[in-house]
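Enquirer: Quick one, coords-v3.csv (CSV, N, CA and C atoms and all ligand atoms):
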chain,number,residue,atom,x,y,z
A,1,MET,N,145.2,50.8,32.8
A,1,MET,CA,146.1,50.2,33.9
A,1,MET,C,146.5,51.4,34.8
A,2,SER,N,146.1,51.3,36.1
A,2,SER,CA,146.5,52.3,37.0
A,2,SER,C,147.9,52.1,37.5
A,3,SER,N,148.6,53.2,37.7
A,3,SER,CA,150.0,53.1,38.1
A,3,SER,C,150.1,52.9,39.6
A,4,GLU,N,151.1,52.2,40.0
A,4,GLU,CA,151.3,51.9,41.4
A,4,GLU,C,151.9,53.1,42.1
A,5,THR,N,151.6,53.2,43.4
A,5,THR,CA,152.3,54.2,44.3
A,5,THR,C,153.0,53.5,45.4
A,6,ILE,N,153.6,54.2,46.2
A,6,ILE,CA,154.3,53.6,47.4
A,6,ILE,C,153.3,52.8,48.2
A,7,PHE,N,152.0,53.1,48.2
A,7,PHE,CA,151.0,52.4,49.0
A,7,PHE,C,150.9,50.9,48.6
A,8,SER,N,151.1,50.7,47.3
A,8,SER,CA,151.0,49.3,46.8
A,8,SER,C,152.1,48.5,47.4
A,9,LYS,N,153.3,49.1,47.5
A,9,LYS,CA,154.5,48.4,48.1
A,9,LYS,C,154.2,48.1,49.6
A,10,ILE,N,153.6,49.1,50.3
A,10,ILE,CA,153.3,48.9,51.7
A,10,ILE,C,152.3,47.8,51.9
A,11,ILE,N,151.2,47.8,51.0
A,11,ILE,CA,150.2,46.7,51.1
A,11,ILE,C,150.8,45.4,50.9
A,12,ARG,N,151.8,45.3,50.0
A,12,ARG,CA,152.4,44.0,49.8
A,12,ARG,C,153.6,43.7,50.7
A,13,GLN,N,153.8,44.7,51.6
A,13,GLN,CA,154.9,44.6,52.6
A,13,GLN,C,156.3,44.5,52.0
A,14,GLU,N,156.4,45.1,50.8
A,14,GLU,CA,157.8,45.2,50.2
A,14,GLU,C,158.6,46.3,50.8
A,15,ILE,N,158.0,47.2,51.4
A,15,ILE,CA,158.7,48.2,52.2
A,15,ILE,C,158.1,48.2,53.6
A,16,PRO,N,159.0,48.4,54.6
A,16,PRO,CA,158.5,48.3,56.0
A,16,PRO,C,157.6,49.4,56.5
A,17,ALA,N,156.4,49.0,56.8
A,17,ALA,CA,155.4,49.9,57.4
A,17,ALA,C,154.5,49.0,58.1
A,18,PRO,N,154.5,48.9,59.5
A,18,PRO,CA,153.6,48.0,60.2
A,18,PRO,C,152.2,48.2,59.8
A,19,LEU,N,151.5,47.1,59.6
A,19,LEU,CA,150.1,47.2,59.2
A,19,LEU,C,149.2,47.1,60.5
A,20,LEU,N,148.3,48.1,60.7
A,20,LEU,CA,147.4,48.0,61.8
A,20,LEU,C,146.2,47.1,61.5
A,21,TYR,N,146.0,47.0,60.2
A,21,TYR,CA,144.8,46.1,59.8
A,21,TYR,C,145.1,45.7,58.4
A,22,GLN,N,144.7,44.5,58.1
A,22,GLN,CA,144.7,44.1,56.6
A,22,GLN,C,143.7,42.9,56.5
A,23,ASP,N,142.9,43.0,55.4
A,23,ASP,CA,142.1,41.8,55.0
A,23,ASP,C,142.2,41.7,53.5
A,24,GLU,N,141.3,41.0,52.9
A,24,GLU,CA,141.4,40.8,51.4
A,24,GLU,C,141.1,42.0,50.6
A,25,LEU,N,140.5,43.0,51.3
A,25,LEU,CA,140.0,44.2,50.5
A,25,LEU,C,140.8,45.5,50.9
A,26,VAL,N,141.1,45.6,52.2
A,26,VAL,CA,141.7,46.9,52.6
A,26,VAL,C,142.9,46.7,53.5
A,27,SER,N,143.8,47.7,53.6
A,27,SER,CA,144.9,47.7,54.5
A,27,SER,C,145.0,49.0,55.3
A,28,ALA,N,145.7,49.1,56.4
A,28,ALA,CA,145.8,50.3,57.2
A,28,ALA,C,147.2,50.4,57.8
A,29,PHE,N,147.8,51.6,57.8
A,29,PHE,CA,149.1,51.8,58.3
A,29,PHE,C,149.2,53.2,58.8
A,30,ARG,N,150.2,53.5,59.6
A,30,ARG,CA,150.4,54.9,60.1
A,30,ARG,C,150.9,55.8,59.0
A,31,ASP,N,150.4,57.1,59.0
A,31,ASP,CA,150.9,58.1,58.1
A,31,ASP,C,152.4,58.4,58.5
A,32,ILE,N,153.2,58.6,57.5
A,32,ILE,CA,154.6,58.9,57.8
A,32,ILE,C,154.9,60.3,58.4
A,33,GLN,N,153.9,61.2,58.1
A,33,GLN,CA,154.0,62.6,58.7
A,33,GLN,C,152.7,62.9,59.4
A,34,PRO,N,152.6,62.3,60.6
A,34,PRO,CA,151.3,62.4,61.3
A,34,PRO,C,150.9,63.9,61.6
A,35,GLN,N,149.6,64.1,61.4
A,35,GLN,CA,149.0,65.5,61.6
A,35,GLN,C,148.2,65.5,62.9
A,36,ALA,N,148.2,64.4,63.6
A,36,ALA,CA,147.5,64.3,64.9
A,36,ALA,C,148.1,63.2,65.7
A,37,PRO,N,147.9,63.1,67.0
A,37,PRO,CA,148.5,62.0,67.8
A,37,PRO,C,148.3,60.6,67.2
A,38,GLN,N,147.1,60.4,66.6
A,38,GLN,CA,146.8,59.1,65.9
A,38,GLN,C,146.5,59.5,64.5
A,39,HIS,N,147.3,59.1,63.5
A,39,HIS,CA,147.0,59.4,62.1
A,39,HIS,C,147.3,58.1,61.3
A,40,ILE,N,146.2,57.5,60.9
A,40,ILE,CA,146.3,56.2,60.2
A,40,ILE,C,145.7,56.4,58.8
A,41,LEU,N,146.3,55.7,57.8
A,41,LEU,CA,145.8,55.7,56.4
A,41,LEU,C,145.1,54.4,56.2
A,42,ILE,N,143.9,54.4,55.7
A,42,ILE,CA,143.1,53.2,55.4
A,42,ILE,C,142.9,53.2,53.9
A,43,VAL,N,143.4,52.1,53.2
A,43,VAL,CA,143.4,52.1,51.7
A,43,VAL,C,142.8,50.8,51.2
A,44,PRO,N,142.2,50.9,50.0
A,44,PRO,CA,141.8,49.7,49.4
A,44,PRO,C,143.0,49.0,48.8
A,45,ASN,N,143.0,47.6,48.9
A,45,ASN,CA,144.2,46.9,48.3
A,45,ASN,C,144.3,47.1,46.8
A,46,LYS,N,143.1,47.3,46.2
A,46,LYS,CA,143.1,47.5,44.7
A,46,LYS,C,143.5,49.0,44.5
A,47,ILE,N,144.2,49.2,43.4
A,47,ILE,CA,144.6,50.6,43.1
A,47,ILE,C,143.4,51.3,42.5
A,48,ILE,N,142.9,52.3,43.2
A,48,ILE,CA,141.9,53.2,42.8
A,48,ILE,C,142.5,54.6,42.9
A,49,PRO,N,142.9,55.3,41.9
A,49,PRO,CA,143.6,56.5,42.0
A,49,PRO,C,142.9,57.6,42.9
A,50,THR,N,141.7,57.9,42.5
A,50,THR,CA,140.9,59.0,43.2
A,50,THR,C,139.5,58.5,43.4
A,51,VAL,N,138.7,59.3,44.2
A,51,VAL,CA,137.3,59.1,44.3
A,51,VAL,C,136.6,59.1,43.0
A,52,ASN,N,137.1,59.9,42.0
A,52,ASN,CA,136.5,59.9,40.7
A,52,ASN,C,136.6,58.6,39.9
A,53,ASP,N,137.5,57.7,40.4
A,53,ASP,CA,137.7,56.5,39.7
A,53,ASP,C,136.9,55.3,40.4
A,54,VAL,N,136.2,55.6,41.4
A,54,VAL,CA,135.4,54.6,42.1
A,54,VAL,C,134.3,54.1,41.2
A,55,CYS,N,134.1,52.8,41.2
A,55,CYS,CA,133.0,52.2,40.4
A,55,CYS,C,132.2,51.2,41.2
A,56,ALA,N,131.1,50.7,40.7
A,56,ALA,CA,130.2,49.9,41.5
A,56,ALA,C,130.8,48.7,42.1
A,57,GLU,N,131.8,48.1,41.4
A,57,GLU,CA,132.4,46.9,41.9
A,57,GLU,C,133.3,47.2,43.2
A,58,ASP,N,133.5,48.5,43.5
A,58,ASP,CA,134.3,48.9,44.6
A,58,ASP,C,133.5,49.1,45.9
A,59,GLU,N,132.2,48.9,45.8
A,59,GLU,CA,131.3,49.2,46.9
A,59,GLU,C,131.7,48.4,48.2
A,60,GLN,N,132.1,47.2,48.0
A,60,GLN,CA,132.4,46.4,49.2
A,60,GLN,C,133.7,46.9,49.9
A,61,ALA,N,134.7,47.2,49.0
A,61,ALA,CA,135.9,47.7,49.6
A,61,ALA,C,135.7,49.1,50.3
A,62,LEU,N,134.9,49.9,49.7
A,62,LEU,CA,134.7,51.2,50.3
A,62,LEU,C,133.9,51.1,51.7
A,63,GLY,N,133.0,50.2,51.7
A,63,GLY,CA,132.3,49.9,53.0
A,63,GLY,C,133.3,49.4,54.0
A,64,ARG,N,134.1,48.5,53.6
A,64,ARG,CA,135.1,47.9,54.5
A,64,ARG,C,136.1,48.9,55.0
A,65,MET,N,136.3,49.9,54.3
A,65,MET,CA,137.2,51.0,54.8
A,65,MET,C,136.6,51.6,56.1
A,66,PHE,N,135.3,51.9,56.1
A,66,PHE,CA,134.7,52.4,57.2
A,66,PHE,C,134.6,51.4,58.4
A,67,ILE,N,134.4,50.2,58.1
A,67,ILE,CA,134.4,49.1,59.1
A,67,ILE,C,135.8,49.0,59.7
A,68,ALA,N,136.8,49.1,58.9
A,68,ALA,CA,138.2,49.1,59.4
A,68,ALA,C,138.5,50.3,60.3
A,69,ALA,N,138.0,51.4,59.8
A,69,ALA,CA,138.2,52.7,60.6
A,69,ALA,C,137.7,52.5,62.0
A,70,HIS,N,136.5,52.0,62.1
A,70,HIS,CA,135.9,51.9,63.4
A,70,HIS,C,136.7,50.9,64.3
A,71,LYS,N,137.1,49.8,63.6
A,71,LYS,CA,137.8,48.7,64.4
A,71,LYS,C,139.2,49.3,64.9
A,72,ILE,N,139.9,50.0,64.0
A,72,ILE,CA,141.2,50.6,64.4
A,72,ILE,C,141.0,51.7,65.5
A,73,ALA,N,140.0,52.5,65.3
A,73,ALA,CA,139.7,53.6,66.4
A,73,ALA,C,139.4,52.9,67.7
A,74,LYS,N,138.7,51.8,67.7
A,74,LYS,CA,138.4,51.1,68.9
A,74,LYS,C,139.6,50.5,69.5
A,75,GLU,N,140.5,49.9,68.7
A,75,GLU,CA,141.7,49.4,69.2
A,75,GLU,C,142.7,50.4,69.8
A,76,LEU,N,142.6,51.6,69.2
A,76,LEU,CA,143.5,52.7,69.7
A,76,LEU,C,142.8,53.4,70.9
A,77,GLY,N,141.6,53.1,71.2
A,77,GLY,CA,140.9,53.7,72.3
A,77,GLY,C,140.4,55.1,72.1
A,78,ILE,N,140.1,55.4,70.8
A,78,ILE,CA,139.7,56.8,70.5
A,78,ILE,C,138.3,56.8,69.9
A,79,ASP,N,137.6,55.6,69.9
A,79,ASP,CA,136.3,55.5,69.3
A,79,ASP,C,135.3,56.4,70.0
A,80,GLU,N,135.4,56.4,71.4
A,80,GLU,CA,134.4,57.1,72.1
A,80,GLU,C,134.7,58.6,72.2
A,81,SER,N,136.0,59.0,72.3
A,81,SER,CA,136.4,60.4,72.3
A,81,SER,C,136.2,61.0,71.0
A,82,GLY,N,136.4,60.3,69.9
A,82,GLY,CA,136.1,60.8,68.6
A,82,GLY,C,137.3,60.8,67.7
A,83,TYR,N,137.0,60.9,66.4
A,83,TYR,CA,138.1,60.9,65.4
A,83,TYR,C,137.5,61.5,64.1
A,84,ARG,N,138.3,61.8,63.2
A,84,ARG,CA,137.9,62.4,61.9
A,84,ARG,C,138.4,61.6,60.8
A,85,LEU,N,137.5,61.4,59.8
A,85,LEU,CA,137.9,60.7,58.5
A,85,LEU,C,137.9,61.6,57.4
A,86,ILE,N,139.0,61.6,56.6
A,86,ILE,CA,139.1,62.6,55.5
A,86,ILE,C,139.6,61.8,54.3
A,87,VAL,N,138.9,62.2,53.1
A,87,VAL,CA,139.4,61.7,51.8
A,87,VAL,C,139.6,62.9,50.9
A,88,ASN,N,140.8,63.1,50.5
A,88,ASN,CA,141.2,64.1,49.5
A,88,ASN,C,141.0,63.7,48.1
A,89,CYS,N,140.5,64.5,47.2
A,89,CYS,CA,140.4,64.2,45.8
A,89,CYS,C,141.0,65.3,44.9
A,90,ASN,N,142.1,64.9,44.3
A,90,ASN,CA,142.8,65.8,43.3
A,90,ASN,C,143.4,67.1,43.9
A,91,ARG,N,143.8,67.9,43.0
A,91,ARG,CA,144.7,69.1,43.3
A,91,ARG,C,144.1,70.0,44.4
A,92,ASP,N,142.9,70.5,44.2
A,92,ASP,CA,142.5,71.5,45.2
A,92,ASP,C,142.3,71.0,46.6
A,93,ALA,N,142.1,69.7,46.7
A,93,ALA,CA,142.0,69.1,48.0
A,93,ALA,C,143.4,68.7,48.6
A,94,GLY,N,144.4,68.8,47.7
A,94,GLY,CA,145.8,68.6,48.2
A,94,GLY,C,146.2,67.1,48.1
A,95,GLN,N,145.5,66.3,47.3
A,95,GLN,CA,145.8,64.9,47.2
A,95,GLN,C,147.3,64.7,46.7
A,96,GLU,N,148.1,64.0,47.4
A,96,GLU,CA,149.5,63.8,47.0
A,96,GLU,C,149.8,62.4,46.5
A,97,VAL,N,149.1,61.4,47.0
A,97,VAL,CA,149.3,60.0,46.6
A,97,VAL,C,148.0,59.5,45.9
A,98,PHE,N,148.2,59.1,44.7
A,98,PHE,CA,147.1,58.8,43.8
A,98,PHE,C,146.8,57.3,43.9
A,99,HIS,N,146.5,56.9,45.1
A,99,HIS,CA,145.9,55.6,45.5
A,99,HIS,C,144.9,56.0,46.6
A,100,LEU,N,143.7,55.9,46.3
A,100,LEU,CA,142.6,56.3,47.2
A,100,LEU,C,142.9,55.9,48.7
A,101,HIS,N,142.8,56.9,49.6
A,101,HIS,CA,143.0,56.6,51.0
A,101,HIS,C,142.2,57.4,51.9
A,102,MET,N,141.8,56.9,53.0
A,102,MET,CA,141.1,57.6,54.1
A,102,MET,C,142.0,57.9,55.2
A,103,HIS,N,142.1,59.2,55.6
A,103,HIS,CA,142.9,59.5,56.8
A,103,HIS,C,142.0,59.4,58.0
A,104,LEU,N,142.5,58.7,59.0
A,104,LEU,CA,141.8,58.6,60.3
A,104,LEU,C,142.7,59.4,61.3
A,105,LEU,N,142.1,60.5,61.8
A,105,LEU,CA,142.8,61.4,62.7
A,105,LEU,C,142.2,61.4,64.0
A,106,GLY,N,142.9,61.4,65.1
A,106,GLY,CA,142.3,61.5,66.4
A,106,GLY,C,143.4,61.5,67.5
A,107,GLY,N,142.9,61.3,68.7
A,107,GLY,CA,143.8,61.3,69.9
A,107,GLY,C,144.0,62.6,70.6
A,108,ALA,N,143.3,63.6,70.1
A,108,ALA,CA,143.2,64.9,70.7
A,108,ALA,C,142.1,65.7,70.0
A,109,PRO,N,141.6,66.8,70.7
A,109,PRO,CA,140.6,67.6,70.0
A,109,PRO,C,141.2,68.2,68.7
A,110,LEU,N,140.5,68.1,67.6
A,110,LEU,CA,141.0,68.4,66.3
A,110,LEU,C,140.6,69.8,65.8
A,111,GLY,N,139.7,70.4,66.5
A,111,GLY,CA,139.3,71.8,66.1
A,111,GLY,C,138.4,71.7,64.9
A,112,PRO,N,137.8,72.9,64.5
A,112,PRO,CA,136.9,72.9,63.4
A,112,PRO,C,137.5,72.4,62.1
A,113,LEU,N,136.8,71.8,61.3
A,113,LEU,CA,137.3,71.3,60.0
A,113,LEU,C,137.7,72.4,59.1
A,114,LEU,N,136.9,73.4,59.0
A,114,LEU,CA,137.1,74.5,58.0
A,114,LEU,C,137.5,75.8,58.8
A,115,ALA,N,138.7,75.8,59.3
A,115,ALA,CA,139.1,77.0,60.1
A,115,ALA,C,139.6,78.1,59.2
B,1,LIG,P1,146.9,63.0,50.6
B,1,LIG,O1,147.4,64.4,50.7
B,1,LIG,O2,147.3,62.4,49.3
B,1,LIG,O3,145.5,62.9,51.0
B,1,LIG,O4,147.8,62.2,51.7
B,1,LIG,C1,148.8,61.4,51.5
B,1,LIG,C2,149.4,61.0,52.8
B,1,LIG,O5,150.3,60.0,52.6
B,1,LIG,C3,150.2,62.1,53.5
B,1,LIG,O6,149.6,62.4,54.7
B,1,LIG,C4,151.6,61.6,53.6
B,1,LIG,O7,152.2,62.0,54.8
B,1,LIG,C5,151.4,60.1,53.5
B,1,LIG,N1,152.5,59.4,52.9
B,1,LIG,C6,153.2,59.7,51.8
B,1,LIG,N2,154.2,58.9,51.6
B,1,LIG,C7,154.1,57.9,52.5
B,1,LIG,C8,154.9,56.7,52.8
B,1,LIG,O8,155.8,56.4,52.1
B,1,LIG,N3,154.5,56.0,53.9
B,1,LIG,C9,153.4,56.4,54.7
B,1,LIG,N4,153.1,55.6,55.8
B,1,LIG,N5,152.7,57.5,54.5
B,1,LIG,C10,153.1,58.3,53.4
Once you've parsed the file, please lay out its structure as structure tokens.
Ligand code: 5GP

Expert:
Amino acid sequence: MSSETIFSKIIRQEIPAPLLYQDELVSAFRDIQPQAPQHILIVPNKIIPTVNDVCAEDEQALGRMFIAAHKIAKELGIDESGYRLIVNCNRDAGQEVFHLHMHLLGGAPLGPLLA
């Protein structure tokens, strides 16, 4: 049994965080501490703690995360200028919330990834 994080409460709208996107598989909302002019978190509705916990039955949700990313980027008007998608896994990557999530960052030049 995977333990819930704050993201489950946001997905269920038990705490206020406007959803930019939601369907039966994924949800998206703004990061509370934005690292770029546009910083959105895209999460599977199912609790998957890390990339290491992904299994075959999650394929559809993982694909949907990318489709949602494109849709949101387009709605925000940053699809053509560009954006970055990041998934952190475990300690060395700095993962803080153990509910798999994709960061969508954009709205300004982001610089090199590995500076
Ligand atoms: P990680 O380092 O795990 O990849 O990223 C976790 C992200 O979740 C961080 O960027 C952090 O700012 C964001 N975050 C943590 N708690 C909350 C919260 O309660 N609401 C929202 N919207 N974002 C959060």

Enquirer: Suppose you want the space between atom C of Pro16 in chain A and atom N of Arg30 in chain A; what is it in Å?

Expert: 9.0 Å

Enquirer: Could you tell me, counting all atoms listed in the file, which protein and nucleic acid residues lie no more than 8 Å from ligand LIG 1 (chain B), written as a ChimeraX atom specification?

Expert: /A:5-7,10,16-18,29-35,41,86-90,93-103

Enquirer: Around (148.2, 67.0, 67.6), as given in the file, which residues come within 8 Å? Count only N, CA and C atoms and list them as a list in words.

Expert: Pro34, Gln35, Ala36, Pro37, Gln38, Gly106, Gly107, Ala108, Pro109 and Leu110 of chain A

Enquirer: Can you check which residues of range 3-114 of chain A DSSP gives as strand (DSSP E) on the backbone and send them as a PDB file with N, CA and C atoms, in the coordinates of the input?

Expert:
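Final output, result09.pdb:
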ATOM      1  N   LEU A  19     151.500  47.100  59.600  1.00  0.00           N
ATOM      2  CA  LEU A  19     150.100  47.200  59.200  1.00  0.00           C
ATOM      3  C   LEU A  19     149.200  47.100  60.500  1.00  0.00           C
ATOM      4  N   LEU A  20     148.300  48.100  60.700  1.00  0.00           N
ATOM      5  CA  LEU A  20     147.400  48.000  61.800  1.00  0.00           C
ATOM      6  C   LEU A  20     146.200  47.100  61.500  1.00  0.00           C
ATOM      7  N   TYR A  21     146.000  47.000  60.200  1.00  0.00           N
ATOM      8  CA  TYR A  21     144.800  46.100  59.800  1.00  0.00           C
ATOM      9  C   TYR A  21     145.100  45.700  58.400  1.00  0.00           C
ATOM     10  N   GLN A  22     144.700  44.500  58.100  1.00  0.00           N
ATOM     11  CA  GLN A  22     144.700  44.100  56.600  1.00  0.00           C
ATOM     12  C   GLN A  22     143.700  42.900  56.500  1.00  0.00           C
ATOM     13  N   VAL A  26     141.100  45.600  52.200  1.00  0.00           N
ATOM     14  CA  VAL A  26     141.700  46.900  52.600  1.00  0.00           C
ATOM     15  C   VAL A  26     142.900  46.700  53.500  1.00  0.00           C
ATOM     16  N   SER A  27     143.800  47.700  53.600  1.00  0.00           N
ATOM     17  CA  SER A  27     144.900  47.700  54.500  1.00  0.00           C
ATOM     18  C   SER A  27     145.000  49.000  55.300  1.00  0.00           C
ATOM     19  N   ALA A  28     145.700  49.100  56.400  1.00  0.00           N
ATOM     20  CA  ALA A  28     145.800  50.300  57.200  1.00  0.00           C
ATOM     21  C   ALA A  28     147.200  50.400  57.800  1.00  0.00           C
ATOM     22  N   PHE A  29     147.800  51.600  57.800  1.00  0.00           N
ATOM     23  CA  PHE A  29     149.100  51.800  58.300  1.00  0.00           C
ATOM     24  C   PHE A  29     149.200  53.200  58.800  1.00  0.00           C
ATOM     25  N   ARG A  30     150.200  53.500  59.600  1.00  0.00           N
ATOM     26  CA  ARG A  30     150.400  54.900  60.100  1.00  0.00           C
ATOM     27  C   ARG A  30     150.900  55.800  59.000  1.00  0.00           C
ATOM     28  N   GLN A  38     147.100  60.400  66.600  1.00  0.00           N
ATOM     29  CA  GLN A  38     146.800  59.100  65.900  1.00  0.00           C
ATOM     30  C   GLN A  38     146.500  59.500  64.500  1.00  0.00           C
ATOM     31  N   HIS A  39     147.300  59.100  63.500  1.00  0.00           N
ATOM     32  CA  HIS A  39     147.000  59.400  62.100  1.00  0.00           C
ATOM     33  C   HIS A  39     147.300  58.100  61.300  1.00  0.00           C
ATOM     34  N   ILE A  40     146.200  57.500  60.900  1.00  0.00           N
ATOM     35  CA  ILE A  40     146.300  56.200  60.200  1.00  0.00           C
ATOM     36  C   ILE A  40     145.700  56.400  58.800  1.00  0.00           C
ATOM     37  N   LEU A  41     146.300  55.700  57.800  1.00  0.00           N
ATOM     38  CA  LEU A  41     145.800  55.700  56.400  1.00  0.00           C
ATOM     39  C   LEU A  41     145.100  54.400  56.200  1.00  0.00           C
ATOM     40  N   ILE A  42     143.900  54.400  55.700  1.00  0.00           N
ATOM     41  CA  ILE A  42     143.100  53.200  55.400  1.00  0.00           C
ATOM     42  C   ILE A  42     142.900  53.200  53.900  1.00  0.00           C
ATOM     43  N   VAL A  43     143.400  52.100  53.200  1.00  0.00           N
ATOM     44  CA  VAL A  43     143.400  52.100  51.700  1.00  0.00           C
ATOM     45  C   VAL A  43     142.800  50.800  51.200  1.00  0.00           C
ATOM     46  N   PRO A  44     142.200  50.900  50.000  1.00  0.00           N
ATOM     47  CA  PRO A  44     141.800  49.700  49.400  1.00  0.00           C
ATOM     48  C   PRO A  44     143.000  49.000  48.800  1.00  0.00           C
ATOM     49  N   TYR A  83     137.000  60.900  66.400  1.00  0.00           N
ATOM     50  CA  TYR A  83     138.100  60.900  65.400  1.00  0.00           C
ATOM     51  C   TYR A  83     137.500  61.500  64.100  1.00  0.00           C
ATOM     52  N   ARG A  84     138.300  61.800  63.200  1.00  0.00           N
ATOM     53  CA  ARG A  84     137.900  62.400  61.900  1.00  0.00           C
ATOM     54  C   ARG A  84     138.400  61.600  60.800  1.00  0.00           C
ATOM     55  N   LEU A  85     137.500  61.400  59.800  1.00  0.00           N
ATOM     56  CA  LEU A  85     137.900  60.700  58.500  1.00  0.00           C
ATOM     57  C   LEU A  85     137.900  61.600  57.400  1.00  0.00           C
ATOM     58  N   ILE A  86     139.000  61.600  56.600  1.00  0.00           N
ATOM     59  CA  ILE A  86     139.100  62.600  55.500  1.00  0.00           C
ATOM     60  C   ILE A  86     139.600  61.800  54.300  1.00  0.00           C
ATOM     61  N   MET A 102     141.800  56.900  53.000  1.00  0.00           N
ATOM     62  CA  MET A 102     141.100  57.600  54.100  1.00  0.00           C
ATOM     63  C   MET A 102     142.000  57.900  55.200  1.00  0.00           C
ATOM     64  N   HIS A 103     142.100  59.200  55.600  1.00  0.00           N
ATOM     65  CA  HIS A 103     142.900  59.500  56.800  1.00  0.00           C
ATOM     66  C   HIS A 103     142.000  59.400  58.000  1.00  0.00           C
ATOM     67  N   LEU A 104     142.500  58.700  59.000  1.00  0.00           N
ATOM     68  CA  LEU A 104     141.800  58.600  60.300  1.00  0.00           C
ATOM     69  C   LEU A 104     142.700  59.400  61.300  1.00  0.00           C
ATOM     70  N   LEU A 105     142.100  60.500  61.800  1.00  0.00           N
ATOM     71  CA  LEU A 105     142.800  61.400  62.700  1.00  0.00           C
ATOM     72  C   LEU A 105     142.200  61.400  64.000  1.00  0.00           C
ATOM     73  N   GLY A 106     142.900  61.400  65.100  1.00  0.00           N
ATOM     74  CA  GLY A 106     142.300  61.500  66.400  1.00  0.00           C
ATOM     75  C   GLY A 106     143.400  61.500  67.500  1.00  0.00           C
TER      76      GLY A 106
END

Enquirer: Rounded to one decimal, what separation in Å do you get between CA of Asn45 in chain A and CA of Ser27 in chain A?

Expert: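 These atoms are spaced 6.3 Å apart.
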
Enquirer: Could you tell me how far CA of Ser2 in chain A sits from atom N of Ile67 in chain A, in Å to one decimal place?

Expert: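 CA of Ser2 in chain A lies 24.4 Å from atom N of Ile67 in chain A.
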
Enquirer: Using only C-alpha atoms, determine which residues lie at most 12 Å from Ile72 in chain A, disregarding the query and same-chain residues fewer than 2 positions distant; provide the list as a PyMOL selection string.

Expert: chain A and resi 19-22+27-30+38-42+64-70+74-79+83+103-106

Enquirer: Could you give me, as a PyMOL selection string, the residues that sit within 8 Å of (136.7, 51.8, 44.7) in the file's coordinates, counting all atoms listed in the file?

Expert: chain A and resi 44+46-51+53-62+100

Enquirer: Those residues with N, CA and C atoms, as an mmCIF file, in the frame of the given file please?

Expert:
data_model
loop_
_atom_site.group_PDB
_atom_site.id
_atom_site.type_symbol
_atom_site.label_atom_id
_atom_site.label_comp_id
_atom_site.auth_asym_id
_atom_site.auth_seq_id
_atom_site.Cartn_x
_atom_site.Cartn_y
_atom_site.Cartn_z
ATOM 1 N N PRO A 44 142.200 50.900 50.000
ATOM 2 C CA PRO A 44 141.800 49.700 49.400
ATOM 3 C C PRO A 44 143.000 49.000 48.800
ATOM 4 N N LYS A 46 143.100 47.300 46.200
ATOM 5 C CA LYS A 46 143.100 47.500 44.700
ATOM 6 C C LYS A 46 143.500 49.000 44.500
ATOM 7 N N ILE A 47 144.200 49.200 43.400
ATOM 8 C CA ILE A 47 144.600 50.600 43.100
ATOM 9 C C ILE A 47 143.400 51.300 42.500
ATOM 10 N N ILE A 48 142.900 52.300 43.200
ATOM 11 C CA ILE A 48 141.900 53.200 42.800
ATOM 12 C C ILE A 48 142.500 54.600 42.900
ATOM 13 N N PRO A 49 142.900 55.300 41.900
ATOM 14 C CA PRO A 49 143.600 56.500 42.000
ATOM 15 C C PRO A 49 142.900 57.600 42.900
ATOM 16 N N THR A 50 141.700 57.900 42.500
ATOM 17 C CA THR A 50 140.900 59.000 43.200
ATOM 18 C C THR A 50 139.500 58.500 43.400
ATOM 19 N N VAL A 51 138.700 59.300 44.200
ATOM 20 C CA VAL A 51 137.300 59.100 44.300
ATOM 21 C C VAL A 51 136.600 59.100 43.000
ATOM 22 N N ASP A 53 137.500 57.700 40.400
ATOM 23 C CA ASP A 53 137.700 56.500 39.700
ATOM 24 C C ASP A 53 136.900 55.300 40.400
ATOM 25 N N VAL A 54 136.200 55.600 41.400
ATOM 26 C CA VAL A 54 135.400 54.600 42.100
ATOM 27 C C VAL A 54 134.300 54.100 41.200
ATOM 28 N N CYS A 55 134.100 52.800 41.200
ATOM 29 C CA CYS A 55 133.000 52.200 40.400
ATOM 30 C C CYS A 55 132.200 51.200 41.200
ATOM 31 N N ALA A 56 131.100 50.700 40.700
ATOM 32 C CA ALA A 56 130.200 49.900 41.500
ATOM 33 C C ALA A 56 130.800 48.700 42.100
ATOM 34 N N GLU A 57 131.800 48.100 41.400
ATOM 35 C CA GLU A 57 132.400 46.900 41.900
ATOM 36 C C GLU A 57 133.300 47.200 43.200
ATOM 37 N N ASP A 58 133.500 48.500 43.500
ATOM 38 C CA ASP A 58 134.300 48.900 44.600
ATOM 39 C C ASP A 58 133.500 49.100 45.900
ATOM 40 N N GLU A 59 132.200 48.900 45.800
ATOM 41 C CA GLU A 59 131.300 49.200 46.900
ATOM 42 C C GLU A 59 131.700 48.400 48.200
ATOM 43 N N GLN A 60 132.100 47.200 48.000
ATOM 44 C CA GLN A 60 132.400 46.400 49.200
ATOM 45 C C GLN A 60 133.700 46.900 49.900
ATOM 46 N N ALA A 61 134.700 47.200 49.000
ATOM 47 C CA ALA A 61 135.900 47.700 49.600
ATOM 48 C C ALA A 61 135.700 49.100 50.300
ATOM 49 N N LEU A 62 134.900 49.900 49.700
ATOM 50 C CA LEU A 62 134.700 51.200 50.300
ATOM 51 C C LEU A 62 133.900 51.100 51.700
ATOM 52 N N LEU A 100 143.700 55.900 46.300
ATOM 53 C CA LEU A 100 142.600 56.300 47.200
ATOM 54 C C LEU A 100 142.900 55.900 48.700
#

Enquirer: Counting only C-alpha atoms, which of A:Val43, A:Ser81, A:Ser8, A:Asp92 gets nearest to Asp23 in chain A?

Expert: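 Of the candidates, the smallest distance to Asp23 in chain A is held by A:Val43.
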